[in-house]
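Source file: target_22.txt; contents: compact mmCIF, N, CA and C atoms.
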```
# COMPACT_ATOMS: atom_id res chain seq x y z
N MET K 11 -5.09 -3.57 39.06
CA MET K 11 -6.23 -4.02 39.83
C MET K 11 -5.74 -4.81 41.04
N ASN K 12 -6.34 -4.57 42.18
CA ASN K 12 -6.05 -5.37 43.37
C ASN K 12 -6.88 -6.64 43.32
N ASP K 13 -6.31 -7.72 43.83
CA ASP K 13 -7.06 -8.97 43.91
C ASP K 13 -8.25 -8.80 44.84
N ALA K 14 -9.33 -9.50 44.53
CA ALA K 14 -10.51 -9.51 45.39
C ALA K 14 -10.86 -10.96 45.69
N THR K 15 -11.21 -11.23 46.93
CA THR K 15 -11.61 -12.57 47.32
C THR K 15 -13.09 -12.56 47.68
N ILE K 16 -13.82 -13.52 47.12
CA ILE K 16 -15.24 -13.65 47.39
C ILE K 16 -15.45 -14.97 48.11
N GLY K 17 -15.97 -14.92 49.30
CA GLY K 17 -16.25 -16.13 50.05
C GLY K 17 -17.65 -16.63 49.73
N LEU K 18 -17.75 -17.86 49.31
CA LEU K 18 -19.04 -18.47 49.01
C LEU K 18 -19.33 -19.55 50.02
N GLU K 19 -20.47 -19.47 50.64
CA GLU K 19 -20.83 -20.44 51.68
C GLU K 19 -20.84 -21.85 51.11
N GLY K 20 -20.14 -22.74 51.77
CA GLY K 20 -20.13 -24.14 51.37
C GLY K 20 -19.17 -24.47 50.24
N SER K 21 -18.33 -23.52 49.83
CA SER K 21 -17.39 -23.82 48.75
C SER K 21 -16.09 -23.05 48.97
N GLU K 22 -15.16 -23.27 48.08
CA GLU K 22 -13.87 -22.59 48.14
C GLU K 22 -14.05 -21.10 47.85
N ASP K 23 -13.12 -20.29 48.34
CA ASP K 23 -13.12 -18.87 48.01
C ASP K 23 -12.79 -18.68 46.53
N VAL K 24 -13.37 -17.65 45.95
CA VAL K 24 -13.08 -17.28 44.57
C VAL K 24 -12.22 -16.02 44.61
N ILE K 25 -11.08 -16.06 43.97
CA ILE K 25 -10.19 -14.90 43.89
C ILE K 25 -10.34 -14.31 42.49
N ILE K 26 -10.66 -13.03 42.41
CA ILE K 26 -10.74 -12.31 41.14
C ILE K 26 -9.47 -11.48 41.03
N ARG K 27 -8.73 -11.67 39.93
CA ARG K 27 -7.46 -10.96 39.78
C ARG K 27 -7.15 -10.78 38.30
N GLY K 28 -6.17 -9.93 38.05
CA GLY K 28 -5.71 -9.74 36.69
C GLY K 28 -5.05 -11.00 36.15
N ALA K 29 -5.32 -11.30 34.89
CA ALA K 29 -4.74 -12.49 34.27
C ALA K 29 -3.26 -12.28 34.01
N GLU K 30 -2.52 -13.36 34.05
CA GLU K 30 -1.09 -13.38 33.77
C GLU K 30 -0.82 -14.38 32.66
N HIS K 31 0.37 -14.31 32.07
CA HIS K 31 0.71 -15.26 31.01
C HIS K 31 0.50 -16.71 31.45
N ALA K 32 0.78 -17.00 32.70
CA ALA K 32 0.63 -18.38 33.19
C ALA K 32 -0.82 -18.85 33.19
N ASP K 33 -1.77 -17.93 33.07
CA ASP K 33 -3.19 -18.27 33.07
C ASP K 33 -3.74 -18.61 31.70
N ILE K 34 -3.00 -18.29 30.65
CA ILE K 34 -3.53 -18.43 29.29
C ILE K 34 -3.97 -19.87 29.01
N SER K 35 -3.17 -20.83 29.39
CA SER K 35 -3.52 -22.23 29.17
C SER K 35 -4.83 -22.60 29.86
N GLY K 36 -5.00 -22.18 31.10
CA GLY K 36 -6.23 -22.46 31.84
C GLY K 36 -7.44 -21.79 31.23
N ILE K 37 -7.26 -20.57 30.73
CA ILE K 37 -8.36 -19.85 30.08
C ILE K 37 -8.78 -20.60 28.82
N VAL K 38 -7.82 -20.96 27.99
CA VAL K 38 -8.14 -21.66 26.74
C VAL K 38 -8.76 -23.02 27.02
N ARG K 39 -8.23 -23.73 28.01
CA ARG K 39 -8.80 -25.04 28.36
C ARG K 39 -10.26 -24.89 28.78
N MET K 40 -10.55 -23.88 29.58
CA MET K 40 -11.92 -23.66 30.04
C MET K 40 -12.84 -23.31 28.86
N LEU K 41 -12.38 -22.43 27.98
CA LEU K 41 -13.19 -22.04 26.83
C LEU K 41 -13.42 -23.21 25.88
N ALA K 42 -12.41 -24.04 25.67
CA ALA K 42 -12.54 -25.18 24.77
C ALA K 42 -13.46 -26.25 25.34
N ASP K 43 -13.63 -26.26 26.66
CA ASP K 43 -14.49 -27.25 27.32
C ASP K 43 -15.96 -26.85 27.27
N ASP K 44 -16.24 -25.63 26.88
CA ASP K 44 -17.60 -25.11 26.79
C ASP K 44 -18.23 -25.53 25.45
N PRO K 45 -19.52 -25.88 25.41
CA PRO K 45 -20.13 -26.28 24.14
C PRO K 45 -19.97 -25.25 23.02
N LEU K 46 -20.05 -23.97 23.34
CA LEU K 46 -19.88 -22.95 22.31
C LEU K 46 -18.43 -22.82 21.88
N GLY K 47 -17.51 -22.90 22.83
CA GLY K 47 -16.10 -22.75 22.53
C GLY K 47 -15.48 -23.98 21.90
N ALA K 48 -16.08 -25.14 22.09
CA ALA K 48 -15.48 -26.39 21.60
C ALA K 48 -15.28 -26.37 20.09
N GLY K 49 -16.14 -25.66 19.38
CA GLY K 49 -16.02 -25.62 17.93
C GLY K 49 -15.06 -24.57 17.41
N ARG K 50 -14.60 -23.68 18.28
CA ARG K 50 -13.73 -22.60 17.78
C ARG K 50 -12.41 -22.49 18.52
N GLU K 51 -12.28 -23.05 19.70
CA GLU K 51 -11.04 -22.94 20.47
C GLU K 51 -10.21 -24.20 20.28
N GLN K 52 -8.90 -24.06 20.34
CA GLN K 52 -7.99 -25.18 20.14
C GLN K 52 -7.05 -25.28 21.33
N TYR K 53 -7.38 -26.18 22.26
CA TYR K 53 -6.49 -26.39 23.40
C TYR K 53 -5.50 -27.48 23.05
N SER K 54 -4.24 -27.18 23.16
CA SER K 54 -3.18 -28.16 22.96
C SER K 54 -1.97 -27.72 23.78
N ASP K 55 -1.02 -28.61 23.92
CA ASP K 55 0.20 -28.29 24.65
C ASP K 55 1.38 -28.55 23.73
N PRO K 56 2.05 -27.54 23.26
CA PRO K 56 1.89 -26.14 23.62
C PRO K 56 0.70 -25.50 22.89
N LEU K 57 0.26 -24.37 23.44
CA LEU K 57 -0.84 -23.63 22.82
C LEU K 57 -0.39 -23.02 21.50
N PRO K 58 -1.33 -22.87 20.57
CA PRO K 58 -1.00 -22.13 19.34
C PRO K 58 -0.57 -20.70 19.70
N ASP K 59 0.39 -20.18 18.97
CA ASP K 59 0.91 -18.83 19.23
C ASP K 59 -0.17 -17.76 19.16
N ALA K 60 -1.25 -18.02 18.43
CA ALA K 60 -2.31 -17.02 18.29
C ALA K 60 -2.89 -16.61 19.64
N TYR K 61 -2.97 -17.53 20.59
CA TYR K 61 -3.51 -17.20 21.91
C TYR K 61 -2.56 -16.27 22.67
N LEU K 62 -1.29 -16.56 22.60
CA LEU K 62 -0.30 -15.71 23.28
C LEU K 62 -0.26 -14.33 22.64
N ASP K 63 -0.32 -14.28 21.32
CA ASP K 63 -0.32 -13.00 20.62
C ASP K 63 -1.55 -12.17 20.98
N ALA K 64 -2.71 -12.81 21.02
CA ALA K 64 -3.95 -12.10 21.35
C ALA K 64 -3.90 -11.57 22.78
N PHE K 65 -3.42 -12.37 23.71
CA PHE K 65 -3.30 -11.94 25.10
C PHE K 65 -2.41 -10.70 25.19
N ASN K 66 -1.27 -10.76 24.54
CA ASN K 66 -0.34 -9.63 24.58
C ASN K 66 -0.93 -8.38 23.96
N LYS K 67 -1.66 -8.52 22.87
CA LYS K 67 -2.27 -7.36 22.21
C LYS K 67 -3.36 -6.75 23.09
N ILE K 68 -4.19 -7.58 23.71
CA ILE K 68 -5.25 -7.07 24.58
C ILE K 68 -4.64 -6.36 25.79
N GLN K 69 -3.67 -6.99 26.42
CA GLN K 69 -3.03 -6.39 27.59
C GLN K 69 -2.28 -5.11 27.24
N GLY K 70 -1.80 -5.03 26.01
CA GLY K 70 -1.02 -3.87 25.60
C GLY K 70 -1.84 -2.64 25.24
N GLN K 71 -3.15 -2.81 25.08
CA GLN K 71 -4.02 -1.70 24.75
C GLN K 71 -4.47 -1.01 26.03
N GLY K 72 -4.40 0.30 26.02
CA GLY K 72 -4.86 1.04 27.19
C GLY K 72 -6.33 0.81 27.47
N GLY K 73 -6.68 0.72 28.73
CA GLY K 73 -8.07 0.56 29.13
C GLY K 73 -8.59 -0.85 29.08
N ASN K 74 -7.77 -1.82 28.72
CA ASN K 74 -8.20 -3.21 28.66
C ASN K 74 -7.60 -4.00 29.82
N ASP K 75 -8.38 -4.87 30.36
CA ASP K 75 -7.92 -5.80 31.39
C ASP K 75 -8.54 -7.15 31.11
N ILE K 76 -7.78 -8.20 31.33
CA ILE K 76 -8.32 -9.56 31.33
C ILE K 76 -8.29 -10.00 32.78
N LEU K 77 -9.44 -10.41 33.28
CA LEU K 77 -9.55 -10.86 34.66
C LEU K 77 -9.83 -12.35 34.69
N VAL K 78 -9.36 -13.01 35.72
CA VAL K 78 -9.68 -14.42 35.92
C VAL K 78 -10.29 -14.61 37.30
N ALA K 79 -11.15 -15.59 37.39
CA ALA K 79 -11.66 -16.08 38.66
C ALA K 79 -10.87 -17.35 38.95
N GLN K 80 -10.27 -17.40 40.13
CA GLN K 80 -9.43 -18.53 40.51
C GLN K 80 -10.05 -19.23 41.72
N VAL K 81 -10.20 -20.53 41.61
CA VAL K 81 -10.71 -21.34 42.72
C VAL K 81 -9.71 -22.45 42.97
N ASP K 82 -9.24 -22.54 44.18
CA ASP K 82 -8.28 -23.57 44.57
C ASP K 82 -7.08 -23.63 43.62
N GLY K 83 -6.60 -22.44 43.22
CA GLY K 83 -5.40 -22.35 42.40
C GLY K 83 -5.61 -22.53 40.91
N ALA K 84 -6.83 -22.81 40.46
CA ALA K 84 -7.10 -23.05 39.04
C ALA K 84 -8.04 -21.99 38.48
N VAL K 85 -7.87 -21.68 37.20
CA VAL K 85 -8.76 -20.73 36.53
C VAL K 85 -10.15 -21.36 36.42
N ALA K 86 -11.15 -20.63 36.93
CA ALA K 86 -12.53 -21.11 36.90
C ALA K 86 -13.45 -20.19 36.12
N GLY K 87 -12.94 -19.04 35.68
CA GLY K 87 -13.73 -18.10 34.90
C GLY K 87 -12.84 -16.98 34.41
N CYS K 88 -13.32 -16.25 33.42
CA CYS K 88 -12.55 -15.11 32.90
C CYS K 88 -13.50 -14.09 32.29
N LEU K 89 -12.99 -12.86 32.21
CA LEU K 89 -13.70 -11.80 31.50
C LEU K 89 -12.69 -10.76 31.10
```
As structure tokens, please, write out the structure in this file.
Amino acid sequence: MNDATIGLEGSEDVIIRGAEHADISGIVRMLADDPLGAGREQYSDPLPDAYLDAFNKIQGQGGNDILVAQVDGAVAGCL
């Protein structure tokens, strides 16, 4: 996937791109900060291996992509 930049009036640009290993911590932090995710996600440093394993399994399956929205260098969304 090629990166896409979305300009939003009055705010920073949002870059949509494929997730990388370096993004896993930001993704988990964001999910754990959500009221729904707070009860099921475990953000710590270092992250539990389960997150790294899941990322690798998803990325390794054909037809799957993990995308992140990046604002000012930080993960601000994912799908």
Check the smallest atom-to-atom distance from each of K:Glu22, K:Ala60, K:Arg27, K:Gly47 to K:Val78 using all atoms listed in the file, then report the winner.
-> K:Arg27
Pick from K:Val24, K:Val38, K:Ile76, K:Val85 nearest to K:Pro58, counting only C-alpha atoms |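 Smallest distance to K:Pro58 is found for K:Val38.
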Find the residues near K:Ile34: any atom within 8 Å, counting only N, CA and C atoms, skip ones fewer than 3 places away on the same chain, and give them as a ChimeraX atom specification.
-> /K:29-31,37-40,57,61-62,65
Quick one: DSSP helix (DSSP H, G or I) residues in chain K, as a ChimeraX atom specification?
-> /K:31-42,47-49,59-70
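Between atom C of K:Gly72 and atom C of K:Asp44 the interatomic distance comes to 29.0 Å.
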Can you list every residue in chain K that DSSP puts in strand (DSSP E), as a PyMOL selection string?
-> chain K and resi 14-16+24-28+77-81+84-88
Would you export the selected residues with N, CA and C atoms as an mmCIF file, in the frame of the given file, please?
```cif
data_model
loop_
_atom_site.group_PDB
_atom_site.id
_atom_site.type_symbol
_atom_site.label_atom_id
_atom_site.label_comp_id
_atom_site.auth_asym_id
_atom_site.auth_seq_id
_atom_site.Cartn_x
_atom_site.Cartn_y
_atom_site.Cartn_z
ATOM 1 N N ALA K 14 -9.330 -9.500 44.530
ATOM 2 C CA ALA K 14 -10.510 -9.510 45.390
ATOM 3 C C ALA K 14 -10.860 -10.960 45.690
ATOM 4 N N THR K 15 -11.210 -11.230 46.930
ATOM 5 C CA THR K 15 -11.610 -12.570 47.320
ATOM 6 C C THR K 15 -13.090 -12.560 47.680
ATOM 7 N N ILE K 16 -13.820 -13.520 47.120
ATOM 8 C CA ILE K 16 -15.240 -13.650 47.390
ATOM 9 C C ILE K 16 -15.450 -14.970 48.110
ATOM 10 N N VAL K 24 -13.370 -17.650 45.950
ATOM 11 C CA VAL K 24 -13.080 -17.280 44.570
ATOM 12 C C VAL K 24 -12.220 -16.020 44.610
ATOM 13 N N ILE K 25 -11.080 -16.060 43.970
ATOM 14 C CA ILE K 25 -10.190 -14.900 43.890
ATOM 15 C C ILE K 25 -10.340 -14.310 42.490
ATOM 16 N N ILE K 26 -10.660 -13.030 42.410
ATOM 17 C CA ILE K 26 -10.740 -12.310 41.140
ATOM 18 C C ILE K 26 -9.470 -11.480 41.030
ATOM 19 N N ARG K 27 -8.730 -11.670 39.930
ATOM 20 C CA ARG K 27 -7.460 -10.960 39.780
ATOM 21 C C ARG K 27 -7.150 -10.780 38.300
ATOM 22 N N GLY K 28 -6.170 -9.930 38.050
ATOM 23 C CA GLY K 28 -5.710 -9.740 36.690
ATOM 24 C C GLY K 28 -5.050 -11.000 36.150
ATOM 25 N N LEU K 77 -9.440 -10.410 33.280
ATOM 26 C CA LEU K 77 -9.550 -10.860 34.660
ATOM 27 C C LEU K 77 -9.830 -12.350 34.690
ATOM 28 N N VAL K 78 -9.360 -13.010 35.720
ATOM 29 C CA VAL K 78 -9.680 -14.420 35.920
ATOM 30 C C VAL K 78 -10.290 -14.610 37.300
ATOM 31 N N ALA K 79 -11.150 -15.590 37.390
ATOM 32 C CA ALA K 79 -11.660 -16.080 38.660
ATOM 33 C C ALA K 79 -10.870 -17.350 38.950
ATOM 34 N N GLN K 80 -10.270 -17.400 40.130
ATOM 35 C CA GLN K 80 -9.430 -18.530 40.510
ATOM 36 C C GLN K 80 -10.050 -19.230 41.720
ATOM 37 N N VAL K 81 -10.200 -20.530 41.610
ATOM 38 C CA VAL K 81 -10.710 -21.340 42.720
ATOM 39 C C VAL K 81 -9.710 -22.450 42.970
ATOM 40 N N ALA K 84 -6.830 -22.810 40.460
ATOM 41 C CA ALA K 84 -7.100 -23.050 39.040
ATOM 42 C C ALA K 84 -8.040 -21.990 38.480
ATOM 43 N N VAL K 85 -7.870 -21.680 37.200
ATOM 44 C CA VAL K 85 -8.760 -20.730 36.530
ATOM 45 C C VAL K 85 -10.150 -21.360 36.420
ATOM 46 N N ALA K 86 -11.150 -20.630 36.930
ATOM 47 C CA ALA K 86 -12.530 -21.110 36.900
ATOM 48 C C ALA K 86 -13.450 -20.190 36.120
ATOM 49 N N GLY K 87 -12.940 -19.040 35.680
ATOM 50 C CA GLY K 87 -13.730 -18.100 34.900
ATOM 51 C C GLY K 87 -12.840 -16.980 34.410
ATOM 52 N N CYS K 88 -13.320 -16.250 33.420
ATOM 53 C CA CYS K 88 -12.550 -15.110 32.900
ATOM 54 C C CYS K 88 -13.500 -14.090 32.290
#
```
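Between atom C of K:Gly28 and atom C of K:Leu77 lies a distance of 5.2 Å.
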Please, what distance in Å, to one decimal, runs between atom C of K:Asp55 and atom N of K:Lys67?
-> 20.3 Å
Which polymer residues, protein or nucleic acid, are no farther than 6 Å from (-13.5, -16.1, 34.3), counting only N, CA and C atoms, as a PyMOL selection string?
-> chain K and resi 77-79+86-89
Once 4 Å is added on each side, what centre and edge lengths in Å to one decimal does the axis-aligned box around all listed atoms of stretch 22-34 of chain K have, as lines of an AutoDock Vina configuration file?
```
center_x = -7.2
center_y = -16.5
center_z = 38.7
size_x = 23.9
size_y = 21.5
size_z = 27.3
```
